[in-house]
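Structure file query_33.pdb with PDB, C-alpha atoms and all ligand atoms:
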ATOM      1  CA  MET Z  15     -31.389  20.920 -14.156  1.00  0.00           C
ATOM      2  CA  LYS Z  16     -28.874  19.293 -16.491  1.00  0.00           C
ATOM      3  CA  GLN Z  17     -26.332  21.827 -15.351  1.00  0.00           C
ATOM      4  CA  THR Z  18     -26.896  20.981 -11.687  1.00  0.00           C
ATOM      5  CA  ILE Z  19     -26.338  17.269 -12.312  1.00  0.00           C
ATOM      6  CA  GLY Z  20     -23.193  18.010 -14.283  1.00  0.00           C
ATOM      7  CA  PHE Z  21     -21.929  20.204 -11.473  1.00  0.00           C
ATOM      8  CA  ALA Z  22     -22.705  17.572  -8.849  1.00  0.00           C
ATOM      9  CA  LEU Z  23     -20.953  14.905 -10.914  1.00  0.00           C
ATOM     10  CA  SER Z  24     -17.828  16.985 -11.303  1.00  0.00           C
ATOM     11  CA  ILE Z  25     -17.728  17.622  -7.553  1.00  0.00           C
ATOM     12  CA  LEU Z  26     -18.129  13.887  -6.958  1.00  0.00           C
ATOM     13  CA  ALA Z  27     -15.383  13.135  -9.433  1.00  0.00           C
ATOM     14  CA  SER Z  28     -12.949  15.495  -7.723  1.00  0.00           C
ATOM     15  CA  VAL Z  29     -13.758  14.056  -4.302  1.00  0.00           C
ATOM     16  CA  VAL Z  30     -13.098  10.542  -5.564  1.00  0.00           C
ATOM     17  CA  MET Z  31      -9.874  11.639  -7.218  1.00  0.00           C
ATOM     18  CA  LEU Z  32      -8.699  13.372  -4.065  1.00  0.00           C
ATOM     19  CA  ALA Z  33      -9.497  10.310  -1.984  1.00  0.00           C
ATOM     20  CA  VAL Z  34      -7.536   8.070  -4.358  1.00  0.00           C
ATOM     21  CA  PHE Z  35      -4.673  10.524  -4.374  1.00  0.00           C
ATOM     22  CA  TYR Z  36      -4.403  10.728  -0.599  1.00  0.00           C
ATOM     23  CA  SER Z  37      -4.934   7.071   0.199  1.00  0.00           C
ATOM     24  CA  GLY Z  38      -2.644   5.800  -2.568  1.00  0.00           C
ATOM     25  CA  PRO Z  39       0.882   6.348  -1.281  1.00  0.00           C
ATOM     26  CA  ALA Z  40       0.111   5.619   2.385  1.00  0.00           C
ATOM     27  CA  SER Z  41      -1.573   2.258   1.908  1.00  0.00           C
ATOM     28  CA  GLY Z  42       0.101   1.042  -1.261  1.00  0.00           C
ATOM     29  CA  ALA Z  43       3.750   1.936  -0.678  1.00  0.00           C
ATOM     30  CA  ALA Z  44       6.220  -0.818   0.145  1.00  0.00           C
ATOM     31  CA  PRO Z  45       7.933  -0.445   3.542  1.00  0.00           C
ATOM     32  CA  ALA Z  46      11.018   1.739   3.275  1.00  0.00           C
ATOM     33  CA  LYS Z  47      14.210  -0.260   2.897  1.00  0.00           C
ATOM     34  CA  LEU Z  48      16.389   0.137   5.953  1.00  0.00           C
ATOM     35  CA  ASP Z  49      19.423   2.247   5.148  1.00  0.00           C
ATOM     36  CA  GLY Z  50      22.396   1.803   7.476  1.00  0.00           C
ATOM     37  CA  LYS Z  51      23.731   5.272   6.780  1.00  0.00           C
ATOM     38  CA  GLN Z  52      20.393   6.895   7.598  1.00  0.00           C
ATOM     39  CA  ILE Z  53      20.207   4.884  10.820  1.00  0.00           C
ATOM     40  CA  PHE Z  54      23.767   5.877  11.727  1.00  0.00           C
ATOM     41  CA  LEU Z  55      22.850   9.553  11.337  1.00  0.00           C
ATOM     42  CA  ALA Z  56      19.430   9.189  13.005  1.00  0.00           C
ATOM     43  CA  GLN Z  57      21.053   7.547  16.049  1.00  0.00           C
ATOM     44  CA  LYS Z  58      23.557  10.420  16.177  1.00  0.00           C
ATOM     45  CA  CYS Z  59      26.532   8.087  15.963  1.00  0.00           C
ATOM     46  CA  ASN Z  60      28.105  10.900  13.926  1.00  0.00           C
ATOM     47  CA  LEU Z  61      28.302  12.938  17.102  1.00  0.00           C
ATOM     48  CA  CYS Z  62      31.395  10.924  18.025  1.00  0.00           C
ATOM     49  CA  HIS Z  63      32.345   8.972  14.894  1.00  0.00           C
ATOM     50  CA  SER Z  64      33.483  10.011  11.464  1.00  0.00           C
ATOM     51  CA  VAL Z  65      32.996   7.490   8.667  1.00  0.00           C
ATOM     52  CA  SER Z  66      35.291   8.957   6.044  1.00  0.00           C
ATOM     53  CA  SER Z  67      34.437   6.326   3.418  1.00  0.00           C
ATOM     54  CA  ALA Z  68      30.820   7.581   3.509  1.00  0.00           C
ATOM     55  CA  GLY Z  69      31.721  11.266   3.751  1.00  0.00           C
ATOM     56  CA  ILE Z  70      30.540  11.524   7.358  1.00  0.00           C
ATOM     57  CA  GLU Z  71      32.439  13.777   9.713  1.00  0.00           C
ATOM     58  CA  ARG Z  72      31.853  13.702  13.440  1.00  0.00           C
ATOM     59  CA  THR Z  73      30.181  16.781  14.829  1.00  0.00           C
ATOM     60  CA  MET Z  74      31.811  16.780  18.262  1.00  0.00           C
ATOM     61  CA  LYS Z  75      35.010  18.761  18.410  1.00  0.00           C
ATOM     62  CA  SER Z  76      36.336  17.385  21.703  1.00  0.00           C
ATOM     63  CA  GLU Z  77      39.023  14.751  21.092  1.00  0.00           C
ATOM     64  CA  LYS Z  78      38.588  13.396  24.614  1.00  0.00           C
ATOM     65  CA  MET Z  79      34.988  12.184  24.194  1.00  0.00           C
ATOM     66  CA  ALA Z  80      34.982  11.312  20.507  1.00  0.00           C
ATOM     67  CA  GLY Z  81      35.364   7.818  19.085  1.00  0.00           C
ATOM     68  CA  PRO Z  82      37.504   6.663  16.154  1.00  0.00           C
ATOM     69  CA  ASP Z  83      36.722   6.947  12.426  1.00  0.00           C
ATOM     70  CA  LEU Z  84      34.888   3.677  11.800  1.00  0.00           C
ATOM     71  CA  THR Z  85      36.199   3.245   8.233  1.00  0.00           C
ATOM     72  CA  ASN Z  86      38.261   0.019   8.034  1.00  0.00           C
ATOM     73  CA  LEU Z  87      37.586  -0.516  11.755  1.00  0.00           C
ATOM     74  CA  ALA Z  88      34.083  -1.942  11.999  1.00  0.00           C
ATOM     75  CA  ALA Z  89      34.915  -4.102   8.958  1.00  0.00           C
ATOM     76  CA  LYS Z  90      37.423  -6.022  11.110  1.00  0.00           C
ATOM     77  CA  GLN Z  91      34.739  -7.155  13.545  1.00  0.00           C
ATOM     78  CA  ASP Z  92      32.187  -9.841  12.840  1.00  0.00           C
ATOM     79  CA  ALA Z  93      28.513  -8.951  12.831  1.00  0.00           C
ATOM     80  CA  GLY Z  94      27.757 -10.743  16.114  1.00  0.00           C
ATOM     81  CA  THR Z  95      30.493  -8.887  17.995  1.00  0.00           C
ATOM     82  CA  LEU Z  96      29.338  -5.524  16.628  1.00  0.00           C
ATOM     83  CA  THR Z  97      25.696  -6.244  17.430  1.00  0.00           C
ATOM     84  CA  LYS Z  98      26.475  -7.182  21.036  1.00  0.00           C
ATOM     85  CA  PHE Z  99      28.869  -4.264  21.408  1.00  0.00           C
ATOM     86  CA  LEU Z 100      26.273  -1.757  20.203  1.00  0.00           C
ATOM     87  CA  ARG Z 101      23.680  -3.200  22.604  1.00  0.00           C
ATOM     88  CA  LYS Z 102      26.254  -2.815  25.386  1.00  0.00           C
ATOM     89  CA  GLU Z 103      26.187  -6.562  25.942  1.00  0.00           C
ATOM     90  CA  GLY Z 104      29.700  -7.235  24.693  1.00  0.00           C
ATOM     91  CA  GLU Z 105      33.138  -5.673  24.527  1.00  0.00           C
ATOM     92  CA  ILE Z 106      35.614  -4.648  21.828  1.00  0.00           C
ATOM     93  CA  ASN Z 107      39.238  -4.233  22.916  1.00  0.00           C
ATOM     94  CA  GLY Z 108      38.150  -5.009  26.479  1.00  0.00           C
ATOM     95  CA  LYS Z 109      35.718  -2.097  26.599  1.00  0.00           C
ATOM     96  CA  LYS Z 110      31.989  -1.689  26.506  1.00  0.00           C
ATOM     97  CA  HIS Z 111      30.565   0.990  24.225  1.00  0.00           C
ATOM     98  CA  GLY Z 112      29.483   4.265  25.808  1.00  0.00           C
ATOM     99  CA  LYS Z 113      26.216   4.487  23.922  1.00  0.00           C
ATOM    100  CA  GLY Z 114      23.567   1.769  23.682  1.00  0.00           C
ATOM    101  CA  PHE Z 115      21.642   1.390  20.413  1.00  0.00           C
ATOM    102  CA  THR Z 116      17.974   2.232  20.989  1.00  0.00           C
ATOM    103  CA  GLY Z 117      16.415   1.148  17.675  1.00  0.00           C
ATOM    104  CA  SER Z 118      14.922  -2.187  16.609  1.00  0.00           C
ATOM    105  CA  ASP Z 119      16.888  -5.370  15.865  1.00  0.00           C
ATOM    106  CA  GLU Z 120      16.147  -4.887  12.146  1.00  0.00           C
ATOM    107  CA  GLU Z 121      17.643  -1.400  12.250  1.00  0.00           C
ATOM    108  CA  LEU Z 122      20.671  -2.630  14.144  1.00  0.00           C
ATOM    109  CA  GLY Z 123      21.162  -5.390  11.566  1.00  0.00           C
ATOM    110  CA  ALA Z 124      21.090  -2.881   8.714  1.00  0.00           C
ATOM    111  CA  LEU Z 125      23.441  -0.562  10.599  1.00  0.00           C
ATOM    112  CA  VAL Z 126      25.954  -3.331  11.344  1.00  0.00           C
ATOM    113  CA  SER Z 127      26.068  -4.605   7.758  1.00  0.00           C
ATOM    114  CA  TRP Z 128      26.477  -1.050   6.476  1.00  0.00           C
ATOM    115  CA  LEU Z 129      29.328  -0.459   8.965  1.00  0.00           C
ATOM    116  CA  GLN Z 130      31.069  -3.641   7.817  1.00  0.00           C
ATOM    117  CA  GLN Z 131      31.060  -2.350   4.232  1.00  0.00           C
ATOM    118  CA  GLN Z 132      32.851   0.878   5.172  1.00  0.00           C
ATOM    119  CA  LYS Z 133      36.353   0.298   3.815  1.00  0.00           C
ATOM    120  CA  LYS Z 134      38.788   2.351   1.900  1.00  0.00           C
TER     121      LYS Z 134
HETATM  122  C1  LIG F 201      29.416   9.715  23.012  1.00  0.00           C
HETATM  123  C2  LIG F 201      30.285   9.352  21.911  1.00  0.00           C
HETATM  124  C3  LIG F 201      29.902   8.138  21.058  1.00  0.00           C
HETATM  125  C4  LIG F 201      28.724   7.908  20.394  1.00  0.00           C
HETATM  126  C5  LIG F 201      27.469   8.782  20.356  1.00  0.00           C
HETATM  127  C6  LIG F 201      28.890   6.663  19.685  1.00  0.00           C
HETATM  128  N1  LIG F 201      30.149   6.156  19.927  1.00  0.00           N
HETATM  129 FE1  LIG F 201      30.919   4.458  19.111  1.00  0.00          FE
HETATM  130  N2  LIG F 201      32.623   4.688  20.228  1.00  0.00           N
HETATM  131  C7  LIG F 201      32.901   5.789  21.021  1.00  0.00           C
HETATM  132  C8  LIG F 201      34.226   5.619  21.616  1.00  0.00           C
HETATM  133  C9  LIG F 201      34.919   6.601  22.546  1.00  0.00           C
HETATM  134  C10 LIG F 201      34.713   4.367  21.119  1.00  0.00           C
HETATM  135  C11 LIG F 201      36.071   3.719  21.431  1.00  0.00           C
HETATM  136  C12 LIG F 201      35.911   2.524  22.325  1.00  0.00           C
HETATM  137  C13 LIG F 201      35.482   2.932  23.694  1.00  0.00           C
HETATM  138  O1  LIG F 201      36.292   3.531  24.414  1.00  0.00           O
HETATM  139  O2  LIG F 201      34.311   2.660  24.067  1.00  0.00           O
HETATM  140  C14 LIG F 201      33.687   3.838  20.261  1.00  0.00           C
HETATM  141  C15 LIG F 201      33.795   2.628  19.575  1.00  0.00           C
HETATM  142  C16 LIG F 201      32.928   2.195  18.600  1.00  0.00           C
HETATM  143  C17 LIG F 201      33.120   1.024  17.769  1.00  0.00           C
HETATM  144  C18 LIG F 201      34.287   0.040  17.850  1.00  0.00           C
HETATM  145  C19 LIG F 201      35.423   0.473  16.973  1.00  0.00           C
HETATM  146  C20 LIG F 201      36.578  -0.532  17.071  1.00  0.00           C
HETATM  147  O3  LIG F 201      37.531  -0.244  17.789  1.00  0.00           O
HETATM  148  O4  LIG F 201      36.477  -1.583  16.435  1.00  0.00           O
HETATM  149  C21 LIG F 201      32.053   0.945  16.926  1.00  0.00           C
HETATM  150  C22 LIG F 201      31.794  -0.107  15.851  1.00  0.00           C
HETATM  151  C23 LIG F 201      31.179   2.062  17.245  1.00  0.00           C
HETATM  152  N3  LIG F 201      31.730   2.792  18.254  1.00  0.00           N
HETATM  153  C24 LIG F 201      29.984   2.327  16.611  1.00  0.00           C
HETATM  154  C25 LIG F 201      29.070   3.291  17.010  1.00  0.00           C
HETATM  155  C26 LIG F 201      27.731   3.418  16.485  1.00  0.00           C
HETATM  156  C27 LIG F 201      27.140   2.551  15.393  1.00  0.00           C
HETATM  157  C28 LIG F 201      27.137   4.439  17.152  1.00  0.00           C
HETATM  158  C29 LIG F 201      25.694   4.904  17.047  1.00  0.00           C
HETATM  159  C30 LIG F 201      24.688   3.922  17.441  1.00  0.00           C
HETATM  160  C31 LIG F 201      28.119   4.993  18.086  1.00  0.00           C
HETATM  161  N4  LIG F 201      29.271   4.251  17.969  1.00  0.00           N
HETATM  162  C32 LIG F 201      27.922   6.080  18.892  1.00  0.00           C
HETATM  163  C33 LIG F 201      32.088   6.885  21.237  1.00  0.00           C
HETATM  164  C34 LIG F 201      30.801   7.023  20.768  1.00  0.00           C
END

Starting from the file, give its structure as structure tokens.
Amino acid sequence: MKQTIGFALSILASVVMLAVFYSGPASGAAPAKLDGKQIFLAQKCNLCHSVSSAGIERTMKSEKMAGPDLTNLAAKQDAGTLTKFLRKEGEINGKKHGKGFTGSDEELGALVSWLQQQKK
């Protein structure tokens, strides 16, 4: 009898420990800090743009479609201009951007401030 109770208790203990283990990270973790570089890559901006200061090389080979290396370029624009440009609401050098940003405003904010720090 004693043995059975001991066995049951140890099962219970492992169930509780498993539950704590699995619920811990999901519920307790702070929201991930938005990382402009990660957003840049996730939005596939690196298809057309290198950012040499961050070690990013564009993946598209065609010179005709590709955009410029954004190092020292985005830093010249203010945040408002870049934000509008990337939402295709505004122009840079008299042109609208080919690709509209599809993420949230928070992500766009993080992306724009990261871009503005890319200088060499
Ligand atoms: C399909 C190719 C393509 C993709 C994808 C792309 N771009 Fe561009 N981008 C261009 C081209 C080409 C230009 C040059 C201006 C023009 O002709 O629109 C440009 C211009 C820019 C500029 C302005 C540079 C300057 O002259 O000051 C910024 C900033 C920029 N892109 C950021 C981004 C970001 C951020 C992303 C991802 C959300 C992105 N681009 C995705 C092609 C692309």

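For the file shown, the residue list from the PyMOL selection byres (((chain Z and resi 129) around 8) and not hetatm) reads Gly50, Leu84, Thr85, Ala88, Ala89, Leu125, Val126, Ser127, Trp128, Gln130, Gln131 and Gln132 of chain Z.
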
Would you list the residues that come within 10 Å of ligand LIG 201 (chain F)? Count all atoms listed in the file and give the answer as a count of residues only.
60

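Here CA of Thr73 in chain Z stands at a distance of 20.5 Å from CA of Asp49 in chain Z.
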
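Note that CA of Ser67 in chain Z and CA of Lys134 in chain Z are 6.1 Å apart.
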
Please, what distance in Å, to one decimal, runs between CA of Gln52 in chain Z and CA of Lys98 in chain Z?
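It comes out at 20.4 Å.
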